[in-house]
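The file protein.cif contains mmCIF, C-alpha atoms:
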data_upload
#
loop_
_atom_site.label_atom_id
_atom_site.label_comp_id
_atom_site.auth_asym_id
_atom_site.auth_seq_id
_atom_site.Cartn_x
_atom_site.Cartn_y
_atom_site.Cartn_z
CA MET A 1 120.51 105.94 110.53
CA LYS A 2 121.30 102.76 112.46
CA THR A 3 124.49 104.32 113.78
CA ARG A 4 122.57 107.40 114.88
CA TYR A 5 120.14 105.25 116.82
CA LEU A 6 122.87 103.28 118.53
CA ARG A 7 124.40 106.55 119.70
CA GLN A 8 121.01 107.72 120.96
CA LEU A 9 120.52 104.50 122.87
CA ALA A 10 123.92 104.82 124.51
CA VAL A 11 122.96 108.27 125.75
CA ALA A 12 119.50 107.10 126.79
CA ALA A 13 121.01 104.32 128.91
CA ALA A 14 122.11 106.92 131.42
CA LEU A 15 118.72 108.61 131.54
CA THR A 16 115.28 107.74 132.79
CA VAL A 17 112.47 107.24 130.30
CA GLY A 18 109.35 109.37 130.57
CA GLY A 19 110.01 109.92 134.27
CA ALA A 20 109.42 106.24 134.96
CA GLY A 21 112.87 105.77 136.44
CA VAL A 22 113.75 102.87 134.13
CA ALA A 23 117.23 102.96 132.61
CA ALA A 24 117.32 102.33 128.88
CA ALA A 25 119.90 99.57 129.28
CA ASP A 26 117.58 97.66 131.64
CA CYS A 27 114.69 96.94 129.33
CA PRO A 28 114.96 98.05 125.70
CA VAL A 29 112.10 96.79 123.51
CA LYS A 30 113.64 95.70 120.22
CA VAL A 31 111.58 96.31 117.09
CA GLY A 32 112.54 95.20 113.59
CA VAL A 33 112.40 97.71 110.72
CA ALA A 34 112.89 96.10 107.30
CA LEU A 35 112.83 98.90 104.73
CA PRO A 36 114.78 99.84 101.56
CA THR A 37 117.14 102.52 102.82
CA SER A 38 119.50 102.11 99.86
CA VAL A 39 117.00 103.65 97.41
CA ASP A 40 116.19 107.34 97.42
CA TRP A 41 112.45 107.00 98.04
CA GLY A 42 112.96 104.33 100.72
CA LYS A 43 115.09 106.43 103.06
CA PRO A 44 112.28 108.86 104.00
CA ILE A 45 109.95 105.91 104.67
CA ALA A 46 112.47 104.51 107.15
CA GLU A 47 113.22 107.92 108.67
CA THR A 48 109.51 108.44 109.26
CA ALA A 49 109.19 105.14 111.15
CA LEU A 50 112.25 105.97 113.27
CA TRP A 51 110.84 109.42 113.99
CA VAL A 52 107.74 107.79 115.50
CA ALA A 53 109.95 105.59 117.68
CA ASP A 54 111.69 108.76 118.90
CA MET A 55 108.35 110.28 119.87
CA ILE A 56 107.18 107.10 121.58
CA ASN A 57 110.37 107.13 123.64
CA GLU A 58 109.88 110.80 124.50
CA ALA A 59 106.35 109.95 125.61
CA GLY A 60 107.62 107.25 127.97
CA GLY A 61 108.49 104.25 125.83
CA VAL A 62 106.69 100.94 125.42
CA ASP A 63 105.43 99.90 128.85
CA GLY A 64 108.09 102.12 130.41
CA CYS A 65 110.92 100.77 128.25
CA PRO A 66 112.69 102.52 125.38
CA VAL A 67 112.17 101.32 121.84
CA GLU A 68 115.35 100.11 120.16
CA THR A 69 114.80 100.04 116.40
CA ILE A 70 116.83 97.43 114.52
CA LEU A 71 116.97 98.85 110.99
CA ARG A 72 118.01 96.65 108.07
CA ASP A 73 118.03 97.48 104.37
CA THR A 74 115.89 95.23 102.14
CA GLN A 75 117.10 96.82 98.87
CA VAL A 76 113.60 96.01 97.46
CA ASP A 77 114.97 92.50 96.97
CA ALA A 78 113.14 89.41 98.26
CA LYS A 79 116.24 87.43 99.24
CA VAL A 80 117.89 90.39 100.94
CA GLY A 81 114.63 91.19 102.73
CA VAL A 82 114.15 87.64 103.99
CA ASP A 83 117.75 87.47 105.22
CA ALA A 84 117.31 90.79 107.03
CA ALA A 85 114.07 89.65 108.63
CA LYS A 86 115.56 86.32 109.72
CA ALA A 87 118.44 88.11 111.39
CA MET A 88 116.10 90.37 113.33
CA VAL A 89 113.85 87.50 114.39
CA ASP A 90 116.52 84.90 115.13
CA LEU A 91 119.30 87.10 116.53
CA ASP A 92 117.54 90.19 117.88
CA LYS A 93 114.44 88.25 119.00
CA VAL A 94 112.01 90.94 117.83
CA GLN A 95 108.29 90.35 118.26
CA LEU A 96 107.25 93.21 115.96
CA MET A 97 108.42 93.78 112.40
CA MET A 98 107.73 96.99 110.43
CA GLY A 99 108.00 96.39 106.69
CA ALA A 100 108.49 95.76 104.00
CA VAL A 101 108.07 97.90 100.90
CA SER A 102 106.88 95.96 97.83
CA SER A 103 104.65 92.92 98.10
CA GLY A 104 107.37 90.91 96.37
CA VAL A 105 109.52 91.43 99.45
CA THR A 106 106.77 91.45 102.06
CA LEU A 107 105.15 88.15 101.03
CA PRO A 108 108.21 85.92 101.51
CA ILE A 109 109.04 87.65 104.79
CA LEU A 110 105.48 87.10 105.97
CA THR A 111 105.20 83.47 104.91
CA SER A 112 108.72 82.23 105.67
CA VAL A 113 109.80 84.38 108.63
CA THR A 114 107.28 86.34 110.67
CA VAL A 115 104.23 84.07 110.66
CA PRO A 116 106.21 80.88 111.39
CA ALA A 117 107.98 82.72 114.22
CA GLY A 118 104.76 84.20 115.63
CA VAL A 119 105.97 87.78 115.00
CA MET A 120 103.51 90.57 114.18
CA GLN A 121 104.22 92.30 110.86
CA ILE A 122 102.83 95.65 109.70
CA SER A 123 103.57 97.23 106.32
CA CYS A 124 103.20 100.78 105.16
CA CYS A 125 103.66 100.00 101.50
CA SER A 126 102.58 96.57 100.27
CA SER A 127 99.34 96.25 98.34
CA SER A 128 99.06 92.77 96.79
CA THR A 129 95.64 91.16 97.12
CA ARG A 130 97.43 87.81 97.44
CA ILE A 131 98.06 88.77 101.06
CA THR A 132 94.34 89.33 101.54
CA GLY A 133 93.78 85.82 100.23
CA LEU A 134 96.29 84.42 102.71
CA ALA A 135 94.55 86.26 105.54
CA GLU A 136 91.12 85.00 104.44
CA GLU A 137 92.30 81.39 104.56
CA GLY A 138 93.90 81.92 107.98
CA SER A 139 97.50 81.63 106.84
CA THR A 140 98.58 84.95 108.39
CA LYS A 141 97.24 83.86 111.81
CA GLY A 142 96.08 87.39 112.62
CA LEU A 143 99.68 88.64 112.69
CA TRP A 144 99.43 90.82 109.56
CA PHE A 145 98.35 94.46 109.10
CA ARG A 146 98.99 97.13 106.48
CA THR A 147 98.20 100.84 106.40
CA PHE A 148 98.31 100.99 102.59
CA ALA A 149 95.25 100.13 100.49
CA THR A 150 95.33 97.00 98.35
CA SER A 151 96.25 96.86 94.67
CA ASN A 152 92.54 96.72 93.89
CA VAL A 153 92.28 100.41 94.77
CA GLN A 154 95.32 101.50 92.79
CA SER A 155 94.45 99.46 89.70
CA ALA A 156 90.97 100.99 89.73
CA VAL A 157 92.37 104.52 90.02
CA LEU A 158 94.89 103.92 87.22
CA THR A 159 92.00 102.69 85.09
CA LYS A 160 89.91 105.75 85.95
CA LEU A 161 92.76 108.10 85.00
CA ALA A 162 93.32 106.31 81.67
CA LYS A 163 89.61 106.36 80.86
CA ASP A 164 89.17 110.01 81.90
CA ALA A 165 92.13 110.94 79.68
CA GLY A 166 90.33 109.40 76.70
CA TYR A 167 92.76 106.54 76.09
CA GLY A 168 90.95 103.81 74.16
CA LYS A 169 93.84 101.34 73.94
CA VAL A 170 96.72 100.91 76.37
CA THR A 171 99.71 98.65 76.94
CA VAL A 172 100.63 97.69 80.49
CA PHE A 173 104.23 97.25 81.62
CA TYR A 174 104.37 95.53 85.00
CA LYS A 175 107.13 94.43 87.37
CA ASN A 176 107.52 90.66 87.26
CA ASP A 177 107.01 90.03 90.98
CA ASP A 178 104.08 89.39 93.31
CA TRP A 179 103.00 93.02 93.34
CA GLY A 180 103.35 93.55 89.60
CA GLN A 181 101.60 90.32 88.67
CA ASP A 182 98.74 91.21 90.99
CA MET A 183 98.51 94.69 89.45
CA ALA A 184 98.60 93.29 85.90
CA SER A 185 95.72 90.92 86.58
CA LEU A 186 93.62 93.56 88.31
CA LEU A 187 94.37 96.15 85.62
CA ASP A 188 93.42 93.76 82.84
CA ASN A 189 90.02 93.16 84.44
CA ALA A 190 89.40 96.81 85.34
CA LEU A 191 90.44 98.26 81.98
CA LYS A 192 88.34 95.80 80.01
CA ALA A 193 85.35 96.38 82.30
CA SER A 194 85.65 100.13 81.69
CA GLY A 195 85.83 99.73 77.91
CA VAL A 196 89.57 100.34 77.49
CA GLU A 197 91.32 97.86 75.19
CA VAL A 198 94.48 96.22 76.53
CA ALA A 199 96.83 95.92 73.56
CA ALA A 200 99.39 93.98 75.59
CA SER A 201 100.42 93.28 79.18
CA ILE A 202 104.18 92.85 79.36
CA ALA A 203 106.24 91.58 82.30
CA ILE A 204 109.47 93.40 83.13
CA THR A 205 112.10 91.40 84.99
CA ASP A 206 114.80 93.12 87.05
CA ASN A 207 118.39 93.62 85.97
CA GLN A 208 118.10 92.82 82.28
CA PRO A 209 120.80 94.43 80.11
CA SER A 210 118.11 95.70 77.73
CA TYR A 211 114.34 95.92 77.44
CA ARG A 212 114.33 96.46 73.68
CA ALA A 213 112.44 93.22 72.99
CA GLU A 214 109.67 94.09 75.46
CA VAL A 215 109.38 97.65 74.19
CA THR A 216 109.34 96.52 70.56
CA GLU A 217 106.49 94.14 71.39
CA ALA A 218 104.60 96.98 73.05
CA LEU A 219 105.10 99.32 70.10
CA GLY A 220 103.59 96.69 67.81
CA GLY A 221 100.25 97.11 69.55
CA ASN A 222 100.18 100.84 68.70
CA PRO A 223 98.62 101.88 72.03
CA ASP A 224 97.29 105.35 72.80
CA ALA A 225 99.18 105.27 76.11
CA VAL A 226 101.16 103.01 78.43
CA ILE A 227 100.44 102.17 82.05
CA LEU A 228 103.56 101.63 84.15
CA ALA A 229 103.28 99.39 87.22
CA LEU A 230 107.03 99.49 87.82
CA TYR A 231 109.57 100.69 90.36
CA PRO A 232 112.00 103.50 89.46
CA LYS A 233 114.99 101.30 88.57
CA GLU A 234 113.33 99.25 85.85
CA GLY A 235 110.84 102.05 85.15
CA ILE A 236 113.67 104.36 84.10
CA ALA A 237 115.20 101.74 81.80
CA VAL A 238 111.90 100.80 80.15
CA THR A 239 110.72 104.39 79.71
CA ARG A 240 114.01 105.52 78.19
CA GLU A 241 113.90 102.59 75.76
CA TRP A 242 110.25 103.30 74.97
CA ILE A 243 110.88 106.95 74.18
CA SER A 244 114.07 106.27 72.20
CA LEU A 245 112.12 103.92 69.92
CA GLY A 246 109.38 106.45 69.29
CA GLY A 247 106.80 105.47 71.90
CA THR A 248 104.13 107.94 73.01
CA THR A 249 104.79 110.22 75.96
CA LYS A 250 101.24 109.59 77.18
CA MET A 251 101.90 107.56 80.32
CA VAL A 252 99.95 106.63 83.45
CA GLY A 253 102.08 105.53 86.42
CA ALA A 254 101.59 103.72 89.70
CA ASN A 255 102.56 105.35 92.99
CA SER A 256 105.88 103.45 92.93
CA LEU A 257 107.09 105.93 90.28
CA ARG A 258 106.34 108.93 92.49
CA SER A 259 110.05 109.56 92.67
CA GLU A 260 112.29 112.45 91.72
CA GLU A 261 114.87 109.84 90.73
CA PHE A 262 112.51 108.68 87.96
CA ARG A 263 111.69 112.25 86.92
CA ASP A 264 115.32 113.33 86.73
CA ALA A 265 116.52 110.22 84.91
CA VAL A 266 113.78 110.28 82.27
CA GLY A 267 113.69 114.08 81.87
CA MET A 268 110.83 116.54 82.24
CA GLN A 269 110.78 117.11 78.46
CA TYR A 270 109.24 113.62 78.14
CA LEU A 271 106.94 113.74 81.17
CA GLY A 272 104.57 116.56 80.29
CA ASP A 273 101.73 114.09 79.59
CA PHE A 274 102.58 111.75 82.48
CA ILE A 275 99.94 111.34 85.18
CA GLY A 276 100.32 109.21 88.28
CA ALA A 277 97.95 107.54 90.72
CA ASP A 278 98.34 107.05 94.44
CA THR A 279 96.25 106.40 97.49
CA SER A 280 95.86 109.45 99.68
CA SER A 281 95.31 110.66 103.17
CA PRO A 282 91.76 111.89 103.76
CA ARG A 283 91.19 115.61 104.04
CA THR A 284 91.11 115.60 107.83
CA ALA A 285 92.70 117.67 110.57
CA SER A 286 94.97 114.78 111.57
CA ALA A 287 96.28 114.35 108.01
CA SER A 288 97.02 118.08 107.80
CA ALA A 289 98.71 117.97 111.20
CA PHE A 290 100.96 115.16 109.97
CA VAL A 291 102.06 117.26 106.99
CA GLU A 292 102.94 120.22 109.21
CA ALA A 293 104.77 118.05 111.72
CA TYR A 294 106.71 116.33 108.92
CA LYS A 295 107.77 119.67 107.44
CA ALA A 296 108.90 120.89 110.86
CA LYS A 297 110.91 117.71 111.42
CA PHE A 298 112.47 117.19 107.99
CA GLY A 299 112.31 120.62 106.37
CA GLY A 300 110.23 119.64 103.37
CA GLU A 301 106.88 118.32 102.19
CA PRO A 302 106.12 114.59 102.61
CA SER A 303 105.93 114.18 98.83
CA GLY A 304 107.36 110.67 98.49
CA PRO A 305 105.31 107.46 98.53
CA GLY A 306 104.21 105.84 101.75
CA LEU A 307 105.21 108.50 104.28
CA PRO A 308 101.92 108.99 106.17
CA ASN A 309 101.37 105.23 105.91
CA SER A 310 104.79 104.58 107.47
CA PHE A 311 104.01 107.03 110.27
CA ASP A 312 100.70 105.36 111.06
CA ALA A 313 102.08 101.82 110.83
CA ALA A 314 104.80 102.66 113.34
CA ALA A 315 102.50 104.54 115.71
CA ILE A 316 99.71 101.95 115.75
CA SER A 317 102.04 98.99 116.20
CA LEU A 318 104.08 100.63 118.97
CA LEU A 319 100.96 101.71 120.84
CA ALA A 320 99.63 98.15 120.52
CA TYR A 321 102.97 96.91 121.89
CA HIS A 322 102.56 99.24 124.86
CA ALA A 323 99.03 97.96 125.46
CA ALA A 324 100.26 94.36 125.33
CA GLY A 325 103.27 94.96 127.60
CA LYS A 326 107.01 94.95 127.07
CA ASP A 327 107.26 91.14 127.29
CA ALA A 328 104.42 90.50 124.84
CA THR A 329 104.54 88.01 122.02
CA GLY A 330 103.74 88.97 118.44
CA ALA A 331 100.27 87.49 118.78
CA GLU A 332 99.62 89.47 121.97
CA ILE A 333 100.73 92.69 120.25
CA ALA A 334 98.50 91.98 117.24
CA ALA A 335 95.55 91.31 119.53
CA LYS A 336 95.83 94.88 120.90
CA VAL A 337 95.70 96.62 117.50
CA PRO A 338 91.86 96.90 117.58
CA MET A 339 92.20 98.58 120.98
CA VAL A 340 94.36 101.30 119.38
CA THR A 341 92.05 101.80 116.37
CA ASP A 342 88.67 101.60 118.05
CA PRO A 343 86.28 104.20 116.50
CA SER A 344 84.52 104.47 119.86
CA GLY A 345 87.75 105.13 121.74
CA ALA A 346 89.18 108.48 122.79
CA PRO A 347 90.63 110.38 119.79
CA ILE A 348 94.43 110.41 119.89
CA ASP A 349 96.56 113.04 118.16
CA ALA A 350 99.73 111.91 116.41
CA ASN A 351 102.28 113.74 118.57
CA VAL A 352 104.16 113.23 121.82
CA GLU A 353 101.33 114.54 123.98
CA GLY A 354 98.86 112.37 122.09
CA PHE A 355 101.05 109.31 122.60
CA LYS A 356 101.30 110.05 126.33
CA LYS A 357 97.50 110.26 126.51
CA ALA A 358 97.11 107.04 124.56
CA MET A 359 99.59 105.17 126.74
CA ALA A 360 97.83 106.23 129.91
CA LEU A 361 94.43 105.13 128.62
CA LEU A 362 95.74 101.88 127.17
CA SER A 363 97.47 101.08 130.46
CA GLU A 364 94.05 101.40 132.12
CA GLY A 365 92.57 98.98 129.60
CA LYS A 366 90.66 101.70 127.75
CA PRO A 367 90.50 101.80 123.93
CA VAL A 368 91.65 104.75 121.82
CA SER A 369 91.14 105.93 118.25
CA PHE A 370 94.49 106.85 116.73
CA GLN A 371 94.17 109.79 114.32
CA GLY A 372 97.22 109.87 112.07
CA GLY A 373 98.60 110.82 108.70
CA THR A 374 96.01 108.69 106.90
CA GLY A 375 93.17 109.67 109.19
CA ALA A 376 91.40 107.48 111.73
CA VAL A 377 92.78 104.11 110.68
CA THR A 378 90.60 101.00 110.97
CA PHE A 379 91.49 97.50 109.78
CA ASP A 380 89.15 94.85 108.46
CA ALA A 381 89.34 91.18 109.45
CA ASN A 382 92.21 90.65 106.99
CA GLY A 383 94.35 93.52 108.29
CA ASP A 384 93.47 95.68 105.25
CA VAL A 385 92.41 99.33 104.96
CA SER A 386 90.69 101.35 102.26
CA ALA A 387 91.65 104.84 101.19
CA PRO A 388 90.85 107.83 98.98
CA ALA A 389 93.20 108.57 96.08
CA VAL A 390 94.97 111.33 94.19
CA SER A 391 96.35 111.90 90.75
CA TRP A 392 99.74 113.62 90.53
CA VAL A 393 102.13 115.04 87.97
CA PHE A 394 105.82 115.80 87.70
CA THR A 395 106.91 119.44 87.60
CA GLU A 396 110.26 121.17 87.29
CA SER A 397 110.24 121.79 91.04
CA GLY A 398 108.97 118.42 92.24
CA ILE A 399 105.79 116.35 92.31
CA ASP A 400 102.40 118.06 92.54
CA GLU A 401 98.97 116.71 93.35
CA LYS A 402 96.49 117.26 90.52
CA GLN A 403 93.18 115.87 91.77
CA TYR A 404 91.84 114.45 95.02
CA ILE A 405 89.45 111.51 94.62
CA PRO A 406 87.36 110.95 97.78
CA LEU A 407 86.95 107.47 99.21
CA GLU A 408 83.27 107.43 98.24
CA GLU A 409 84.17 108.11 94.61
CA VAL A 410 86.89 105.45 94.60
CA ASN A 411 84.51 102.87 96.06
CA ALA A 412 81.76 103.86 93.61
CA PHE A 413 84.10 103.40 90.63
CA ILE A 414 85.25 99.99 91.92
CA GLN A 415 81.61 99.00 92.38
CA SER A 416 80.79 100.10 88.82
CA LEU A 417 83.58 97.86 87.50
CA ASN A 418 82.29 94.92 89.50
CA GLU A 419 78.81 95.36 88.02
CA ARG A 420 79.96 95.23 84.41
#
Target format structure tokens, applied to this file:
Amino acid sequence: MKTRYLRQLAVAAALTVGGAGVAAADCPVKVGVALPTSVDWGKPIAETALWVADMINEAGGVDGCPVETILRDTQVDAKVGVDAAKAMVDLDKVQLMMGAVSSGVTLPILTSVTVPAGVMQISCCSSSTRITGLAEEGSTKGLWFRTFATSNVQSAVLTKLAKDAGYGKVTVFYKNDDWGQDMASLLDNALKASGVEVAASIAITDNQPSYRAEVTEALGGNPDAVILALYPKEGIAVTREWISLGGTTKMVGANSLRSEEFRDAVGMQYLGDFIGADTSSPRTASASAFVEAYKAKFGGEPSGPGLPNSFDAAAISLLAYHAAGKDATGAEIAAKVPMVTDPSGAPIDANVEGFKKAMALLSEGKPVSFQGGTGAVTFDANGDVSAPAVSWVFTESGIDEKQYIPLEEVNAFIQSLNER
């Protein structure tokens, strides 16, 4: 994908951008994209962000200058992600960073790279409430935003699905990183508040030769079901071990397992009782328009995790960059985000014509209300959003939505847990 973009930029250098008469070589706006392109579910997330950059360029670019995306693979690895981010900040001098996926990668980038450098960071796919805590204490300096709801939402929905399925006792397997630890803590509280016994909560560390000891411990609790807050790589290994040792096929999975890689490696014969949770786009015209546009662009449904969130993160941040100006600092870009997501502003469709309209209004100092794949996005003081949810299941042909859970119902369930 990076090679493709370099070729596009070479061609664009000989052209004018949006009729503004500015050659691409004269003023490219470099934007960092730190996403896991080496994993199957990460590639579409990155492609979606780059697609938005294409449309922004077609609409006229950021303040009349073309966007040059600097894409680096994080491999869902904290060290790799930090090294990638440092390279983009120190060498490419980016003022805006899109990424990362997984709070375990996003947190160290945020705390050791982007915030110290004054770079704005926006993530499509990181949910840890630890980041909310950092924002509340002022440690993110207003430079942080995410278009994905916090782990509090997903842990509540996983709890609701387990309770609705009639599971009285569960074991939780969680990834031993910032995201997984956050999920484990939130799940423990939510499950107990809802009357579901937690037989065990077991950390899963990457790259172990075997998970037999962890699975054997889990089997000793004799749970009705397991909840999996894991990514596909370790999720596949743990689930195979679990099934081979006689564990139940009743499983509830986080959105990180919404992957055909996981389905194919485990096998549909063992996933008939599996049910997954994910945040969702609202049932709005803009969300439906995103689905149709995605299918037209990529030839298939946006069924993987984080795709509408990636679209909205890219669009909002690039429009904010335009509003701030091509020479803006990260802080100046971040300060324009409310101007792009103002509920009282002119509604903006998520397409080239919509971006052109937004750019014209923003250039006049007028606010807009971006309407994207996750609806009309608004951020709270900590850069967080809330969202409705869905349950989903694996099928022979793919991944199908089972139930839509409106935002009001999600919030009501969270409130009921808080009152117990």
Provide the atom CA of A:Ser256 to atom CA of A:Val385 distance in Å, to one decimal place.
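Rounded to one decimal, the two atoms are 18.5 Å apart.
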I want to know what sits within 12 Å of A:Arg240, based on only C-alpha atoms, with residues of the same chain fewer than 2 positions away left out; could you give that as a CSV table (one decimal) with C-alpha atoms, in the frame of the given file?
chain,number,residue,atom,x,y,z
A,210,SER,CA,118.1,95.7,77.7
A,211,TYR,CA,114.3,95.9,77.4
A,212,ARG,CA,114.3,96.5,73.7
A,215,VAL,CA,109.4,97.6,74.2
A,232,PRO,CA,112.0,103.5,89.5
A,233,LYS,CA,115.0,101.3,88.6
A,234,GLU,CA,113.3,99.2,85.8
A,235,GLY,CA,110.8,102.0,85.2
A,236,ILE,CA,113.7,104.4,84.1
A,237,ALA,CA,115.2,101.7,81.8
A,238,VAL,CA,111.9,100.8,80.2
A,242,TRP,CA,110.2,103.3,75.0
A,243,ILE,CA,110.9,107.0,74.2
A,244,SER,CA,114.1,106.3,72.2
A,245,LEU,CA,112.1,103.9,69.9
A,246,GLY,CA,109.4,106.4,69.3
A,247,GLY,CA,106.8,105.5,71.9
A,248,THR,CA,104.1,107.9,73.0
A,249,THR,CA,104.8,110.2,76.0
A,262,PHE,CA,112.5,108.7,88.0
A,263,ARG,CA,111.7,112.2,86.9
A,264,ASP,CA,115.3,113.3,86.7
A,265,ALA,CA,116.5,110.2,84.9
A,266,VAL,CA,113.8,110.3,82.3
A,267,GLY,CA,113.7,114.1,81.9
A,270,TYR,CA,109.2,113.6,78.1
A,271,LEU,CA,106.9,113.7,81.2
For A:Phe413, which of A:Ala254, A:Glu217, A:Asn152, A:Ala200 is the closest residue, counting only C-alpha atoms?
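Looking only at the distances to A:Phe413, the closest residue turns out to be A:Asn152.
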Expansion of the PyMOL selection byres ((chain A and resi 193) around 9) into residues, as a short mmCIF file (atom, residue, chain, number, x, y, z; two decimals) with C-alpha atoms, in the coordinates of the input:
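Result file follows (part38.cif):
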data_model
loop_
_atom_site.label_atom_id
_atom_site.label_comp_id
_atom_site.auth_asym_id
_atom_site.auth_seq_id
_atom_site.Cartn_x
_atom_site.Cartn_y
_atom_site.Cartn_z
CA ASP A 188 93.42 93.76 82.84
CA ASN A 189 90.02 93.16 84.44
CA ALA A 190 89.40 96.81 85.34
CA LEU A 191 90.44 98.26 81.98
CA LYS A 192 88.34 95.80 80.01
CA SER A 194 85.65 100.13 81.69
CA GLY A 195 85.83 99.73 77.91
CA VAL A 196 89.57 100.34 77.49
CA SER A 416 80.79 100.10 88.82
CA LEU A 417 83.58 97.86 87.50
CA ASN A 418 82.29 94.92 89.50
CA GLU A 419 78.81 95.36 88.02
CA ARG A 420 79.96 95.23 84.41
#
Ranking A:Thr216, A:Ser103, A:Thr74, A:Thr132 by minimum distance to A:Asp380 and counting all atoms listed in the file, which one comes first?
A:Thr132
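Residue nearest A:Lys163, chosen from A:Met88, A:Leu230, A:Val252, A:Val410 and counting all atoms listed in the file: A:Val252.
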Counting only C-alpha atoms, write as a PDB file with C-alpha atoms, in the frame of the given file all protein and nucleic acid residues lying at most 8 Å from (94.6, 107.6, 118.5) in the file's frame.
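Contents of out.pdb, freshly written:
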ATOM      1  CA  VAL A 340      94.360 101.300 119.380  1.00  0.00           C
ATOM      2  CA  THR A 341      92.050 101.800 116.370  1.00  0.00           C
ATOM      3  CA  GLY A 345      87.750 105.130 121.740  1.00  0.00           C
ATOM      4  CA  ALA A 346      89.180 108.480 122.790  1.00  0.00           C
ATOM      5  CA  PRO A 347      90.630 110.380 119.790  1.00  0.00           C
ATOM      6  CA  ILE A 348      94.430 110.410 119.890  1.00  0.00           C
ATOM      7  CA  ASP A 349      96.560 113.040 118.160  1.00  0.00           C
ATOM      8  CA  ALA A 350      99.730 111.910 116.410  1.00  0.00           C
ATOM      9  CA  GLY A 354      98.860 112.370 122.090  1.00  0.00           C
ATOM     10  CA  PHE A 355     101.050 109.310 122.600  1.00  0.00           C
ATOM     11  CA  ALA A 358      97.110 107.040 124.560  1.00  0.00           C
ATOM     12  CA  VAL A 368      91.650 104.750 121.820  1.00  0.00           C
ATOM     13  CA  SER A 369      91.140 105.930 118.250  1.00  0.00           C
ATOM     14  CA  PHE A 370      94.490 106.850 116.730  1.00  0.00           C
ATOM     15  CA  GLN A 371      94.170 109.790 114.320  1.00  0.00           C
ATOM     16  CA  GLY A 372      97.220 109.870 112.070  1.00  0.00           C
ATOM     17  CA  ALA A 376      91.400 107.480 111.730  1.00  0.00           C
TER      18      ALA A 376
END
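Listed by chain and then by number, the residues chosen by the PyMOL selection byres ((chain A and resi 119) around 6) in this file are Gln95, Leu96, Thr114, Val115, Ala117, Gly118, Met120 and Gly330 of chain A.
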Which protein, DNA or RNA residues have an atom at most 9 Å from (90.2, 89.2, 116.7), counting all atoms listed in the file? List them as a list in words.
Gly142, Ala334, Ala335, Pro338 and Ala381 of chain A
Run the PyMOL selection byres ((chain A and resi 306) around 12) mentally over the shown coordinates, then write out the matched residues as a count of residues only, using the chain letters and numbers from the document.
45
Set the distance at 9 Å and use only C-alpha atoms: which residues neighbour A:Ala162 once local chain neighbours fewer than 3 positions away are removed? I'd like the list as a list in words.
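The contact residues come out as Val157, Leu158, Thr159, Ala165, Gly166, Tyr167, Gly168, Val170, Leu191, Val196, Ala225, Ile227, Met251 and Val252 of chain A.
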So that I have them on file, write out the residues from the current selection with C-alpha atoms, as a compact mmCIF listing (two decimals), in the frame of the given file.
# COMPACT_ATOMS: atom_id res chain seq x y z
CA VAL A 157 92.37 104.52 90.02
CA LEU A 158 94.89 103.92 87.22
CA THR A 159 92.00 102.69 85.09
CA ALA A 165 92.13 110.94 79.68
CA GLY A 166 90.33 109.40 76.70
CA TYR A 167 92.76 106.54 76.09
CA GLY A 168 90.95 103.81 74.16
CA VAL A 170 96.72 100.91 76.37
CA LEU A 191 90.44 98.26 81.98
CA VAL A 196 89.57 100.34 77.49
CA ALA A 225 99.18 105.27 76.11
CA ILE A 227 100.44 102.17 82.05
CA MET A 251 101.90 107.56 80.32
CA VAL A 252 99.95 106.63 83.45
Residues near A:Met97, anyone? I mean within 6 Å using only C-alpha atoms, not counting same-chain ones fewer than 6 positions away, as a PyMOL selection string.
chain A and resi 32-33+121
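The interatomic distance for the pair atom CA of A:Asp77 and atom CA of A:Gly180 works out to 13.8 Å.
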Give me the residues within 8 Å of A:Ile275 as a list in words, counting all atoms listed in the file and dropping any in the same chain fewer than 2 places off.
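Counting only the stated atoms, we get Leu161, Met251, Val252, Gly253, Asp273, Ala277, Ser391, Trp392, Val393 and Phe394 of chain A.
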Can you complete the atoms of stretch 261-267 of chain A to N, CA and C atoms and list them as a tab-separated table (two decimals), keeping the file's coordinate frame?
chain	number	residue	atom	x	y	z
A	261	GLU	N	113.86	110.62	91.45
A	261	GLU	CA	114.87	109.84	90.73
A	261	GLU	C	114.36	109.49	89.33
A	262	PHE	N	113.11	109.03	89.25
A	262	PHE	CA	112.51	108.68	87.96
A	262	PHE	C	112.38	109.93	87.09
A	263	ARG	N	111.87	111.01	87.68
A	263	ARG	CA	111.69	112.25	86.92
A	263	ARG	C	113.02	112.74	86.34
A	264	ASP	N	114.04	112.78	87.17
A	264	ASP	CA	115.32	113.33	86.73
A	264	ASP	C	116.00	112.45	85.69
A	265	ALA	N	115.86	111.12	85.85
A	265	ALA	CA	116.52	110.22	84.91
A	265	ALA	C	115.84	110.18	83.55
A	266	VAL	N	114.52	110.30	83.54
A	266	VAL	CA	113.78	110.28	82.27
A	266	VAL	C	113.83	111.65	81.60
A	267	GLY	N	113.65	112.72	82.40
A	267	GLY	CA	113.69	114.08	81.87
A	267	GLY	C	112.30	114.67	81.74
